[in-house]
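The next block holds one structure in the form of structure tokens; read it before the comments.
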Amino acid sequence: MNRSLAMDLFLDLLLLSFSILLICLSWRHSWAANLRRKNLPPGPVGWPIVGNLIQVVLQRRPFMYVVRDLRKIYGPIFTMKMGQRTLVIVSSADLIHEALVQKGPTFASRPPDSPIRLMFSMGKCTINSAEYGPLWRTLRRNFVNELINPARIRQCGWVREWAMANHMARLSRESADLGSVEVMSNCRLTICSILVCLCFGIKLPEAQVKEIEAVLKDVMVMTAPKLPDFLPGLTPFFRRQVGTAKELRKKQLECLLPLVRARKAFVEGGEVGGSEVMSPVGAAYIDSLFGLEPAGRGRLGDEELVTLCSEVMNAGTDTSATTLEWAMLHMVMNQDMQEKLYKEIVEIVGKEGRVQEEDVERMTYMSAVVKETFRRHPPSHFVLSHSTKEEAELGGYTVPEGASVEFYTAWLTEDPSVWKDPGEFRPERFLEGGDGVGVDVTGSRGVKMMPFGVGRRICPAMTLGTLHVHLLLGRMVQGFRWVPLPGAPPDPEETFAFTVVMKNPLRAVILPR
């Protein structure tokens, strides 16, 4: 009897396994046929309902590395089904240029956002998240006219001078106390100080800037893609996460609303409100937002003002600080390169002079170092997600309406057909005779590297961010010689933390020049 029962169970399991195998084979055939029928780009076969989502999750590594491997199999454009979202991954220079430049308006929108991201963006009321249309145009035009124009950059030169003087003094103190300095944390604090002042016209104590920086970092982590983004039906099971997001939003408002209200009081009545220094009326970014009335939204409320200023501080702090850490890594690892840059700085401003905005244009080697850092270590391996409002064609394939179009940009700078020895860090490639001379980082004439995106959604603060990188790099190399920690050489391994950063933050010994 027991033997008969065991045999029945064995046959039942065998039949069940065979049925599952047939279902999987049938699904695989149906999946491939569906891609061909809809003329979608090829891609890995997914599972029922969840598509490729579980396959990605089980790999337990950043999505950028999954895409890098899939590119080798499926080519420069492929499809992934992530739960209820269709992703079209694009990685070749020609296809990126076709989508973002030649067909810019078609691919300039954004995919739907999760409830948590909508909470922090006030319903897509930011330059980065707004749908391609009147709101986006109004916000972007205002930002460029009020914060990025050359006259405003010159007017706010005192902000950078103040922050960089604090930066150099802080490095000296940390070195005296600890024997070495950490690059990323110091650069983040300095750049965030600059951006807080540009946004609110106020010089804040470093302790308060650190608090703002920490809150905004938490916001970035909170708004990173999570499971309910791909399977919205699971949202009720993530109530605790939503509750945590609401608490963080409350903390963000408590942190920044006093700055909004203090600036408003100053603009309206000249009240300083307890701050140390105020920029003149009209010189702070938020001044331009007080009277702004975007189409379809009316006058912006205090929460929208917090959101728009947070966007500037978040985006500008991480990308610039990440670039500086990677640049300083190569200065520490290659003393000859560092010395060459130091000599150029001294030749132009002297040993005691300060690197200013007008000096940067004459520093060709520094410019080459920064460009090579952007090429070899782009802040992210993707630009922000794009989408189409209607079905579109790209590279001979169909891109469905509402699909998330993800541009994998890391391959552009790794392509050996475009760059000689792409894995090497060599600033000379951007000097006369090099393969990087004449590269257009805006992508208008062709795409070889795109650290700021290209087309209509290119980062509007590109010039400001690049200026901050040049000035801080120049000041740090001019003021100190940077050498490795004895017995602890820098580790160039990377990891993903909103931007692509060093897994082990760079620490170095600094020696006064």
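Simple scheme: letters A, B, ... for chains in structure tokens order, numbers from 1 for residues in each chain, numbers from 1 for ligands in the order shown.
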
Q: Can you pull out every residue within 12 Å of A:Leu178, counting only C-alpha atoms, but drop anything in the same chain fewer than 5 positions away, and send it as a ChimeraX atom specification?
A: /A:170-173,485,507-510

Include N, CA and C atoms and write out the residues we just selected as an mmCIF file, in the first residue's frame.
```
data_model
loop_
_atom_site.group_PDB
_atom_site.id
_atom_site.type_symbol
_atom_site.label_atom_id
_atom_site.label_comp_id
_atom_site.auth_asym_id
_atom_site.auth_seq_id
_atom_site.Cartn_x
_atom_site.Cartn_y
_atom_site.Cartn_z
ATOM 1 N N ARG A 170 38.355 73.724 6.061
ATOM 2 C CA ARG A 170 37.851 72.472 6.628
ATOM 3 C C ARG A 170 38.791 71.316 6.307
ATOM 4 N N LEU A 171 39.320 71.270 5.093
ATOM 5 C CA LEU A 171 40.280 70.227 4.740
ATOM 6 C C LEU A 171 41.508 70.292 5.641
ATOM 7 N N SER A 172 41.992 71.498 5.892
ATOM 8 C CA SER A 172 43.172 71.654 6.756
ATOM 9 C C SER A 172 42.880 71.156 8.174
ATOM 10 N N ARG A 173 41.692 71.491 8.694
ATOM 11 C CA ARG A 173 41.342 71.040 10.050
ATOM 12 C C ARG A 173 41.220 69.514 10.104
ATOM 13 N N LEU A 485 47.052 57.285 1.239
ATOM 14 C CA LEU A 485 47.277 56.905 2.631
ATOM 15 C C LEU A 485 48.347 55.820 2.679
ATOM 16 N N ARG A 507 39.935 58.502 0.572
ATOM 17 C CA ARG A 507 40.641 59.247 1.612
ATOM 18 C C ARG A 507 42.073 59.424 1.146
ATOM 19 N N ALA A 508 42.636 60.579 1.440
ATOM 20 C CA ALA A 508 44.003 60.851 1.007
ATOM 21 C C ALA A 508 44.699 61.732 2.035
ATOM 22 N N VAL A 509 46.014 61.715 1.992
ATOM 23 C CA VAL A 509 46.839 62.613 2.802
ATOM 24 C C VAL A 509 47.071 63.881 1.993
ATOM 25 N N ILE A 510 46.919 65.043 2.629
ATOM 26 C CA ILE A 510 47.169 66.303 1.914
ATOM 27 C C ILE A 510 48.364 67.007 2.535
#
```

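Residues within 12 Å of A:Glu358, counting only C-alpha atoms and excluding same-chain residues fewer than 4 positions away, are A:Pro150, A:Ile153, A:Arg154, A:Gly157, A:Ile348, A:Val349, A:Arg354, A:Arg362, A:Met363, A:Leu467, A:His470, A:Leu471.
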
Q) What are the DSSP alpha helix (DSSP H) residues of stretch 48-149 of chain A, as a PyMOL selection string? A) chain A and resi 53-59+63-74+93-97+115-121+134-143

Q) Within 10 Å of A:Ile49, counting only C-alpha atoms, which residues qualify if same-chain residues fewer than 4 places away don't, as a list of chain:residue names? A) A:Leu53, A:Lys81, A:Met82, A:Gly83, A:Gln84, A:Leu231

Stretch 256-268 of chain A surroundings by only C-alpha atoms, 8 Å radius, close-in-sequence under 5 positions cut, as a short mmCIF file (atom, residue, chain, number, x, y, z; two decimals) with N, CA and C atoms, in the first residue's frame:
```cif
data_model
loop_
_atom_site.label_atom_id
_atom_site.label_comp_id
_atom_site.auth_asym_id
_atom_site.auth_seq_id
_atom_site.Cartn_x
_atom_site.Cartn_y
_atom_site.Cartn_z
N PHE A 200 18.35 80.23 -1.84
CA PHE A 200 17.66 81.02 -0.82
C PHE A 200 18.34 82.35 -0.48
N GLY A 201 19.51 82.61 -1.09
CA GLY A 201 20.20 83.86 -0.81
C GLY A 201 20.73 83.98 0.59
N ILE A 212 20.35 69.61 5.99
CA ILE A 212 19.64 69.68 4.72
C ILE A 212 20.14 68.60 3.76
N GLY A 273 15.33 88.33 8.90
CA GLY A 273 14.83 87.09 9.47
C GLY A 273 15.86 86.25 10.19
N VAL A 281 17.68 91.34 -3.49
CA VAL A 281 16.40 90.87 -4.02
C VAL A 281 16.57 90.60 -5.52
N ILE A 286 14.87 81.35 -5.66
CA ILE A 286 13.49 81.31 -5.17
C ILE A 286 12.76 82.64 -5.42
N ASP A 287 13.51 83.73 -5.54
CA ASP A 287 12.86 85.02 -5.81
C ASP A 287 12.05 84.96 -7.10
N PHE A 290 8.51 83.11 -6.62
CA PHE A 290 7.41 83.66 -5.82
C PHE A 290 6.25 84.14 -6.69
N ASP A 302 3.98 77.12 -1.07
CA ASP A 302 5.24 76.91 -0.36
C ASP A 302 5.80 75.51 -0.59
N GLU A 303 4.93 74.51 -0.67
CA GLU A 303 5.43 73.14 -0.87
C GLU A 303 6.05 72.98 -2.26
N LEU A 305 7.55 75.36 -3.83
CA LEU A 305 8.82 76.08 -3.76
C LEU A 305 9.89 75.22 -3.10
N VAL A 306 9.53 74.51 -2.04
CA VAL A 306 10.47 73.58 -1.41
C VAL A 306 10.89 72.51 -2.40
#
```

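Across A:Ala295, A:Cys197, A:Ala368, A:Ile458, the tightest approach to A:Phe430 is made by A:Ala368 when counting only C-alpha atoms.
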
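Minimum distance to A:Arg141 across A:Pro228, A:Pro486, A:Met328, A:Ile127 (counting only C-alpha atoms) occurs at A:Ile127.
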
Q: Write out as a PyMOL selection string the residues lying within 8 Å of stretch 188-195 of chain A, counting only C-alpha atoms and excluding same-chain residues fewer than 2 positions away.
A: chain A and resi 159-160+163-164+166-167+184-186+197-199+203-204+206+209-210+213+312-313+316-318+320-321+468

Write the selection just made, keeping C-alpha atoms, as a PDB file, in the first residue's frame?
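Okay, this is what ended up in result-v2.pdb:
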```
ATOM      1  CA  VAL A 159      28.864  82.676  -2.834  1.00  0.00           C
ATOM      2  CA  ARG A 160      31.438  80.351  -4.387  1.00  0.00           C
ATOM      3  CA  ALA A 163      32.081  78.337   0.299  1.00  0.00           C
ATOM      4  CA  MET A 164      35.459  77.428  -1.164  1.00  0.00           C
ATOM      5  CA  ASN A 166      35.425  77.296   4.077  1.00  0.00           C
ATOM      6  CA  HIS A 167      36.208  74.150   2.060  1.00  0.00           C
ATOM      7  CA  MET A 184      33.291  63.007  -1.149  1.00  0.00           C
ATOM      8  CA  SER A 185      31.835  64.241   2.132  1.00  0.00           C
ATOM      9  CA  ASN A 186      33.768  67.498   1.978  1.00  0.00           C
ATOM     10  CA  CYS A 197      22.840  80.028  -0.939  1.00  0.00           C
ATOM     11  CA  LEU A 198      21.984  80.276  -4.642  1.00  0.00           C
ATOM     12  CA  CYS A 199      18.469  79.026  -3.954  1.00  0.00           C
ATOM     13  CA  LYS A 203      24.741  81.702   4.145  1.00  0.00           C
ATOM     14  CA  LEU A 204      23.996  78.887   6.565  1.00  0.00           C
ATOM     15  CA  GLU A 206      27.743  74.033   8.068  1.00  0.00           C
ATOM     16  CA  VAL A 209      23.736  72.519   5.625  1.00  0.00           C
ATOM     17  CA  LYS A 210      24.645  68.997   6.741  1.00  0.00           C
ATOM     18  CA  GLU A 213      22.062  67.488   2.790  1.00  0.00           C
ATOM     19  CA  VAL A 312      18.358  72.034  -7.663  1.00  0.00           C
ATOM     20  CA  MET A 313      20.235  71.116  -4.489  1.00  0.00           C
ATOM     21  CA  GLY A 316      23.707  69.620  -8.335  1.00  0.00           C
ATOM     22  CA  THR A 317      25.284  68.239  -5.174  1.00  0.00           C
ATOM     23  CA  ASP A 318      25.549  64.577  -6.109  1.00  0.00           C
ATOM     24  CA  SER A 320      29.412  67.462  -9.005  1.00  0.00           C
ATOM     25  CA  ALA A 321      30.724  65.795  -5.837  1.00  0.00           C
ATOM     26  CA  HIS A 468      31.852  74.177  -9.667  1.00  0.00           C
TER      27      HIS A 468
END
```

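Note that the spacing between atom CA of A:Thr409 and atom CA of A:Asp440 amounts to 14.7 Å.
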
Which residues are close to stretch 65-72 of chain A, i.e. within 10 Å by only C-alpha atoms, leaving aside same-chain residues fewer than 6 positions away? Reply as an mmCIF file with N, CA and C atoms, in the first residue's frame.
```
data_model
loop_
_atom_site.group_PDB
_atom_site.id
_atom_site.type_symbol
_atom_site.label_atom_id
_atom_site.label_comp_id
_atom_site.auth_asym_id
_atom_site.auth_seq_id
_atom_site.Cartn_x
_atom_site.Cartn_y
_atom_site.Cartn_z
ATOM 1 N N GLY A 43 14.363 40.814 -26.791
ATOM 2 C CA GLY A 43 14.677 40.923 -25.373
ATOM 3 C C GLY A 43 14.552 39.594 -24.678
ATOM 4 N N PRO A 44 14.979 39.532 -23.429
ATOM 5 C CA PRO A 44 14.927 38.270 -22.677
ATOM 6 C C PRO A 44 13.483 37.850 -22.407
ATOM 7 N N GLN A 55 13.629 37.998 -12.481
ATOM 8 C CA GLN A 55 14.975 37.651 -12.968
ATOM 9 C C GLN A 55 15.990 38.716 -12.572
ATOM 10 N N VAL A 56 15.579 39.977 -12.659
ATOM 11 C CA VAL A 56 16.474 41.078 -12.289
ATOM 12 C C VAL A 56 16.697 41.103 -10.781
ATOM 13 N N GLN A 59 19.135 38.563 -9.339
ATOM 14 C CA GLN A 59 20.563 38.764 -9.605
ATOM 15 C C GLN A 59 21.257 39.559 -8.502
ATOM 16 N N PHE A 78 16.802 46.830 -26.973
ATOM 17 C CA PHE A 78 16.076 45.613 -26.590
ATOM 18 C C PHE A 78 14.960 45.960 -25.607
ATOM 19 N N MET A 80 12.506 44.956 -22.246
ATOM 20 C CA MET A 80 12.344 44.215 -20.998
ATOM 21 C C MET A 80 10.943 44.499 -20.477
ATOM 22 N N ILE A 89 15.349 49.542 -23.841
ATOM 23 C CA ILE A 89 16.703 49.955 -23.485
ATOM 24 C C ILE A 89 17.458 50.319 -24.759
ATOM 25 N N VAL A 90 18.045 51.511 -24.787
ATOM 26 C CA VAL A 90 18.758 52.011 -25.965
ATOM 27 C C VAL A 90 20.182 52.364 -25.550
ATOM 28 N N SER A 91 21.177 51.909 -26.324
ATOM 29 C CA SER A 91 22.552 52.131 -25.881
ATOM 30 C C SER A 91 23.512 52.607 -26.964
ATOM 31 N N SER A 92 23.123 52.598 -28.239
ATOM 32 C CA SER A 92 24.075 52.998 -29.274
ATOM 33 C C SER A 92 23.991 54.491 -29.542
ATOM 34 N N HIS A 381 24.986 55.731 -15.237
ATOM 35 C CA HIS A 381 25.051 54.943 -16.465
ATOM 36 C C HIS A 381 23.775 55.075 -17.288
ATOM 37 N N TYR A 408 20.953 53.822 -21.941
ATOM 38 C CA TYR A 408 22.134 53.320 -21.243
ATOM 39 C C TYR A 408 23.355 53.991 -21.868
ATOM 40 N N ALA A 410 26.534 54.468 -20.575
ATOM 41 C CA ALA A 410 27.899 54.060 -20.227
ATOM 42 C C ALA A 410 28.621 53.463 -21.425
ATOM 43 N N TRP A 411 27.882 52.753 -22.290
ATOM 44 C CA TRP A 411 28.524 52.116 -23.431
ATOM 45 C C TRP A 411 29.154 53.142 -24.365
#
```

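Nearest to A:Asn39 of all the residues A:Glu428, A:Arg60, A:Thr398, A:Leu135 is A:Thr398, based on only C-alpha atoms.
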
**Q.** Those of stretch 21-212 of chain A in DSSP strand (DSSP E or B), formatted as a ChimeraX atom specification
**A.** /A:47,51,77-82,85-90,109,181-182,202

Exercise: A:Met220 partners within 9 Å, only C-alpha atoms, chain neighbours under 5 positions left out, as a compact mmCIF listing (two decimals) with C-alpha atoms, in the first residue's frame:
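Output file part-v9.txt follows:
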```
# COMPACT_ATOMS: atom_id res chain seq x y z
CA VAL A 215 17.41 64.95 4.38
CA ASN A 314 19.85 67.37 -4.93
CA PHE A 498 21.96 57.39 -7.02
```

Q: Tell me, in Å to one decimal, how far atom CA of A:Cys309 is from atom CA of A:Arg137.
A: 16.9 Å

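Of the listed residues (A:Gly269, A:Gly301, A:Pro134, A:Gly402), A:Gly402 comes nearest to A:Pro111; the distances count only C-alpha atoms.
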